[in-house]
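Asker: My structure is below; once you've seen it, I'll send some questions.
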Amino acid sequence: MTRIHLSSPDVSALEEEYVVEAIRSGWVAPHGPQVDRLEAEVAARVGVGHGVALSSGTAALHLALVSWGIGPGDFIPTSTMTFAASANAITYTGATPVFVDSDPYTGNIDVALLDRAITELTSEGKSVPAILPIDLMGKCADYTGIAEIARRHGVKVLSDAAESFGASHRGTSAGAFGDAAVVSFNGNKIMTTSSGGMLLTDDAALADHVRFLSTQAREPEVHYEHKEVGYNYRMSNVLAALGLAQLSRLDEMIGRRRSHRETYAEVIGSTSGVSIFGRPGDDDDNCWLTVILVDEPQAGWGVDELRASLERDDIESRPLWKPMHLQPVYSDRPSFVTGASESLFLHGLALPSGSALTHDEVARVTESIRAFLG
Ligand SMILES: Cc1ncc(COP(=O)(O)O)c(C=O)c1O
């Protein structure tokens, strides 16, 4: 019996064909027609003017902040409920991440608390040039509320849409919010370039500067001339070819993840004390990972017991992100906390959700859950 993973890459013969074609064409360097095409196609899908293909989503976050001149002495409010990459990118610049707790229903940043955080920081004389909201588990943050707060406080918005490519909020695509946004094409994401990411923006000057910084900030001279510190963060053309094939299958892949969620909802939706995180009303979600929330006293069991039981059947499941304000590396940074994210961390469990999962594999997961529930 093979192990069932949470979200494995979904790669078909089409990806193989595109990658071989890129190699045979001789474009194996970090420049090439596939990089240009991937940038244009992702930007068009999201509905923004420019895309810059980079080696990772983390690189894209980092360069947007660098390009905005963010550095030591700046405070950047961000979601506490997330993967460490966003806080790390802020930290690379020398700025301080400020962790803001979650809306209990979506797990995304609590906008009233975000407003309070900016007000308090600025009243203490701290510099808050930007905020970095994050879309959790494929569901967009409340960008309507965020845009109003950002406008009122005069701060830039960098939207971390690493997990939400393909989702939308009130008809606008994830990746189109804020002054700039970032998507990730890491191996576990909704589509992958094995490792990769993209900066998305309507700001042509920002896109040009990030592209320049990502290729070692080399000035347009015959010899090597540098006036700024550069980075080696550009996406390779071969990986962009993989991305183009994935992009052509994106809707089909989202559809498969949605169908897995429906199956889980049928099997456990009526179990006492158990709910599917983010439902109902999750149809603007890309269904990246399906998470269940367990009310332990009502269910009579906890997520750790289910996780251990699935593990015995060689099925991977995982708690929701441990909030950043609880991480040893970031516990001394400022935070605005209500307890909502900690509760989600303690009671949420992500189930295998990848679009490469076969019907039989999903059936194996649901049988294992049924056996656990007795
Ligand atoms: C919310 C979030 N931000 C940023 C990243 C970083 O993306 P990458 O792995 O492409 O650097 C990830 C995932 O990996 C993520 O989940």
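By order in the structure tokens, chains are A, B, ...; within a chain, residues start at 1; ligands start at 1, following the order shown.
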Could you give me the residues within 6 Å of ligand 1, counting only C-alpha atoms and all ligand atoms, as a ChimeraX atom specification?
Answerer: /A:56-58,82-83,85-86,134,160,162-163,184-186,196-197
Asker: Would you pick out the contacts of A:Leu373 at 10 Å or less, using only C-alpha atoms, so that residues sharing its chain but fewer than 4 positions from it are not included, and give the list as a PyMOL selection string?
Answerer: chain A and resi 268+271+299+301+306+367-369
Asker: Selection from above, N, CA and C atoms, as a compact mmCIF listing (two decimals), in the first residue's frame, can you write it?
Answerer:
# COMPACT_ATOMS: atom_id res chain seq x y z
N ILE A 268 -18.24 13.03 6.54
CA ILE A 268 -18.14 13.49 7.94
C ILE A 268 -18.97 14.72 8.25
N THR A 271 -21.35 14.35 11.11
CA THR A 271 -20.83 13.81 12.37
C THR A 271 -20.90 14.89 13.45
N ALA A 299 -17.70 16.03 19.93
CA ALA A 299 -17.39 14.86 19.11
C ALA A 299 -16.99 13.66 19.97
N TRP A 301 -13.90 13.01 20.67
CA TRP A 301 -12.53 12.68 20.26
C TRP A 301 -11.86 13.95 19.74
N LEU A 306 -7.61 11.32 15.54
CA LEU A 306 -7.89 11.00 14.14
C LEU A 306 -6.59 10.98 13.33
N GLU A 367 -12.73 5.56 4.04
CA GLU A 367 -12.94 4.30 4.78
C GLU A 367 -12.20 4.33 6.11
N SER A 368 -10.98 4.88 6.07
CA SER A 368 -10.19 4.98 7.29
C SER A 368 -10.91 5.90 8.31
N ILE A 369 -11.47 7.00 7.81
CA ILE A 369 -12.19 7.92 8.72
C ILE A 369 -13.45 7.22 9.27
Asker: I need the residues in stretch 2-50 of chain A that are alpha helix (DSSP H) according to DSSP; give them as a list in words.
Answerer: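 Of stretch 2-50 of chain A, only Ala13, Leu14, Glu15, Glu16, Glu17, Tyr18, Val19, Val20, Glu21, Ala22, Ile23, Arg24, Pro33, Gln34, Val35, Asp36, Arg37, Leu38, Glu39, Ala40, Glu41, Val42, Ala43, Ala44, Arg45 and Val46 of chain A fall in alpha helix (DSSP H).
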Asker: Write a file of the selected residues as a PDB file, in the first residue's frame, keeping C-alpha atoms.
Answerer:
ATOM      1  CA  ALA A  13       2.087  13.712 -19.984  1.00  0.00           C
ATOM      2  CA  LEU A  14       1.379  17.314 -20.999  1.00  0.00           C
ATOM      3  CA  GLU A  15       3.916  18.688 -18.483  1.00  0.00           C
ATOM      4  CA  GLU A  16       6.492  16.178 -19.786  1.00  0.00           C
ATOM      5  CA  GLU A  17       5.821  17.290 -23.353  1.00  0.00           C
ATOM      6  CA  TYR A  18       6.188  21.005 -22.521  1.00  0.00           C
ATOM      7  CA  VAL A  19       9.403  20.494 -20.516  1.00  0.00           C
ATOM      8  CA  VAL A  20      11.009  18.366 -23.235  1.00  0.00           C
ATOM      9  CA  GLU A  21      10.027  20.975 -25.819  1.00  0.00           C
ATOM     10  CA  ALA A  22      11.712  23.739 -23.741  1.00  0.00           C
ATOM     11  CA  ILE A  23      14.894  21.683 -23.371  1.00  0.00           C
ATOM     12  CA  ARG A  24      15.000  20.761 -27.067  1.00  0.00           C
ATOM     13  CA  PRO A  33       9.955  32.402 -24.220  1.00  0.00           C
ATOM     14  CA  GLN A  34       8.241  30.130 -21.687  1.00  0.00           C
ATOM     15  CA  VAL A  35       9.047  32.523 -18.809  1.00  0.00           C
ATOM     16  CA  ASP A  36       7.576  35.428 -20.807  1.00  0.00           C
ATOM     17  CA  ARG A  37       4.486  33.375 -21.693  1.00  0.00           C
ATOM     18  CA  LEU A  38       3.915  32.168 -18.146  1.00  0.00           C
ATOM     19  CA  GLU A  39       4.132  35.747 -16.842  1.00  0.00           C
ATOM     20  CA  ALA A  40       1.661  36.976 -19.462  1.00  0.00           C
ATOM     21  CA  GLU A  41      -0.788  34.084 -18.971  1.00  0.00           C
ATOM     22  CA  VAL A  42      -0.818  34.195 -15.160  1.00  0.00           C
ATOM     23  CA  ALA A  43      -1.193  38.003 -15.146  1.00  0.00           C
ATOM     24  CA  ALA A  44      -4.064  37.735 -17.666  1.00  0.00           C
ATOM     25  CA  ARG A  45      -5.802  35.002 -15.667  1.00  0.00           C
ATOM     26  CA  VAL A  46      -5.600  37.077 -12.482  1.00  0.00           C
TER      27      VAL A  46
END
Asker: Quick one: which stretch 63-162 of chain A residues come within 8 Å of stretch 201-225 of chain A, and what is the nearest atom pair for each with the distance in Å to one decimal, counting only C-alpha atoms, rows ordered by chain and ascending number, as a Markdown table?
Answerer:
| residue | atom | partner | partner_atom | distance |
| --- | --- | --- | --- | --- |
| A:Leu63 | CA | A:Val210 | CA | 5.9 |
| A:Ala64 | CA | A:Val210 | CA | 6.7 |
| A:Ser67 | CA | A:Val210 | CA | 6.5 |
Asker: Restrict the selected residues to N, CA, C and O atoms and save them as a compact mmCIF listing (two decimals), in the first residue's frame.
Answerer:
# COMPACT_ATOMS: atom_id res chain seq x y z
N LEU A 63 11.32 40.44 -2.53
CA LEU A 63 11.68 41.50 -3.48
C LEU A 63 10.65 42.63 -3.54
O LEU A 63 11.01 43.79 -3.76
N ALA A 64 9.38 42.31 -3.33
CA ALA A 64 8.38 43.40 -3.29
C ALA A 64 8.71 44.33 -2.13
O ALA A 64 8.70 45.55 -2.29
N SER A 67 11.91 46.30 -2.84
CA SER A 67 11.67 47.31 -3.85
C SER A 67 10.91 48.52 -3.28
O SER A 67 11.11 49.64 -3.73
Asker: Kindly indicate which residue among A:Leu349, A:Leu54, A:Leu344, A:Ile315 lies nearest to A:Asp103, using only C-alpha atoms for the distances.
Answerer: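 Residue with the minimum atom-to-atom distance to A:Asp103: A:Leu344.
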Asker: Would you list, as number ranges by chain, the residues of stretch 232-313 of chain A that end up in strand (DSSP E or B) under DSSP run on this structure's backbone?
Answerer: A: 232, 234, 274-276, 290-294
Asker: Mind dumping the selected residues with all heavy atoms as a compact mmCIF listing (two decimals), in the first residue's frame?
Answerer:
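Listing of selection_11.txt after writing:
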# COMPACT_ATOMS: atom_id res chain seq x y z
N ASN A 232 19.63 36.38 -6.90
CA ASN A 232 19.50 35.39 -7.97
C ASN A 232 18.18 34.65 -7.77
O ASN A 232 18.14 33.55 -7.26
CB ASN A 232 20.70 34.43 -7.92
CG ASN A 232 20.68 33.45 -9.08
OD1 ASN A 232 19.87 33.58 -9.99
ND2 ASN A 232 21.54 32.47 -9.04
N ARG A 234 15.44 34.54 -10.23
CA ARG A 234 14.60 34.42 -11.43
C ARG A 234 14.18 32.96 -11.63
O ARG A 234 14.93 32.03 -11.30
CB ARG A 234 15.41 34.90 -12.64
CG ARG A 234 14.59 35.15 -13.88
CD ARG A 234 13.76 36.41 -13.78
NE ARG A 234 13.27 36.83 -15.09
CZ ARG A 234 11.99 37.07 -15.35
NH1 ARG A 234 11.07 36.94 -14.42
NH2 ARG A 234 11.64 37.48 -16.56
N VAL A 274 -18.25 17.95 14.24
CA VAL A 274 -17.26 18.09 13.16
C VAL A 274 -17.80 19.01 12.07
O VAL A 274 -18.96 18.88 11.66
CB VAL A 274 -16.93 16.71 12.52
CG1 VAL A 274 -15.89 16.87 11.42
CG2 VAL A 274 -16.43 15.75 13.59
N SER A 275 -16.99 19.94 11.61
CA SER A 275 -17.42 20.78 10.48
C SER A 275 -16.27 20.93 9.51
O SER A 275 -15.10 20.76 9.86
CB SER A 275 -17.87 22.16 10.98
OG SER A 275 -16.83 22.77 11.70
N ILE A 276 -16.65 21.22 8.24
CA ILE A 276 -15.62 21.48 7.22
C ILE A 276 -15.30 22.97 7.31
O ILE A 276 -16.19 23.81 7.19
CB ILE A 276 -16.14 21.10 5.82
CG1 ILE A 276 -16.63 19.65 5.77
CG2 ILE A 276 -15.09 21.41 4.75
CD1 ILE A 276 -15.65 18.60 5.41
N THR A 290 -8.55 20.70 2.21
CA THR A 290 -9.78 20.59 2.99
C THR A 290 -9.40 20.33 4.44
O THR A 290 -8.64 19.40 4.74
CB THR A 290 -10.67 19.45 2.44
OG1 THR A 290 -11.13 19.85 1.15
CG2 THR A 290 -11.86 19.18 3.35
N VAL A 291 -9.94 21.19 5.31
CA VAL A 291 -9.62 21.11 6.74
C VAL A 291 -10.91 20.84 7.51
O VAL A 291 -11.94 21.44 7.21
CB VAL A 291 -9.01 22.47 7.20
CG1 VAL A 291 -8.85 22.52 8.71
CG2 VAL A 291 -7.68 22.72 6.50
N ILE A 292 -10.83 19.92 8.48
CA ILE A 292 -12.00 19.75 9.35
C ILE A 292 -11.70 20.39 10.70
O ILE A 292 -10.55 20.43 11.15
CB ILE A 292 -12.39 18.26 9.54
CG1 ILE A 292 -11.22 17.44 10.08
CG2 ILE A 292 -12.92 17.66 8.26
CD1 ILE A 292 -11.64 16.08 10.61
N LEU A 293 -12.76 20.91 11.33
CA LEU A 293 -12.64 21.46 12.67
C LEU A 293 -13.41 20.54 13.61
O LEU A 293 -14.54 20.14 13.30
CB LEU A 293 -13.24 22.86 12.74
CG LEU A 293 -12.50 23.98 12.02
CD1 LEU A 293 -13.25 25.29 12.18
CD2 LEU A 293 -11.06 24.11 12.52
N VAL A 294 -12.79 20.21 14.72
CA VAL A 294 -13.43 19.26 15.65
C VAL A 294 -13.66 19.94 17.00
O VAL A 294 -12.74 20.46 17.62
CB VAL A 294 -12.54 18.01 15.82
CG1 VAL A 294 -13.20 17.04 16.81
CG2 VAL A 294 -12.31 17.32 14.48
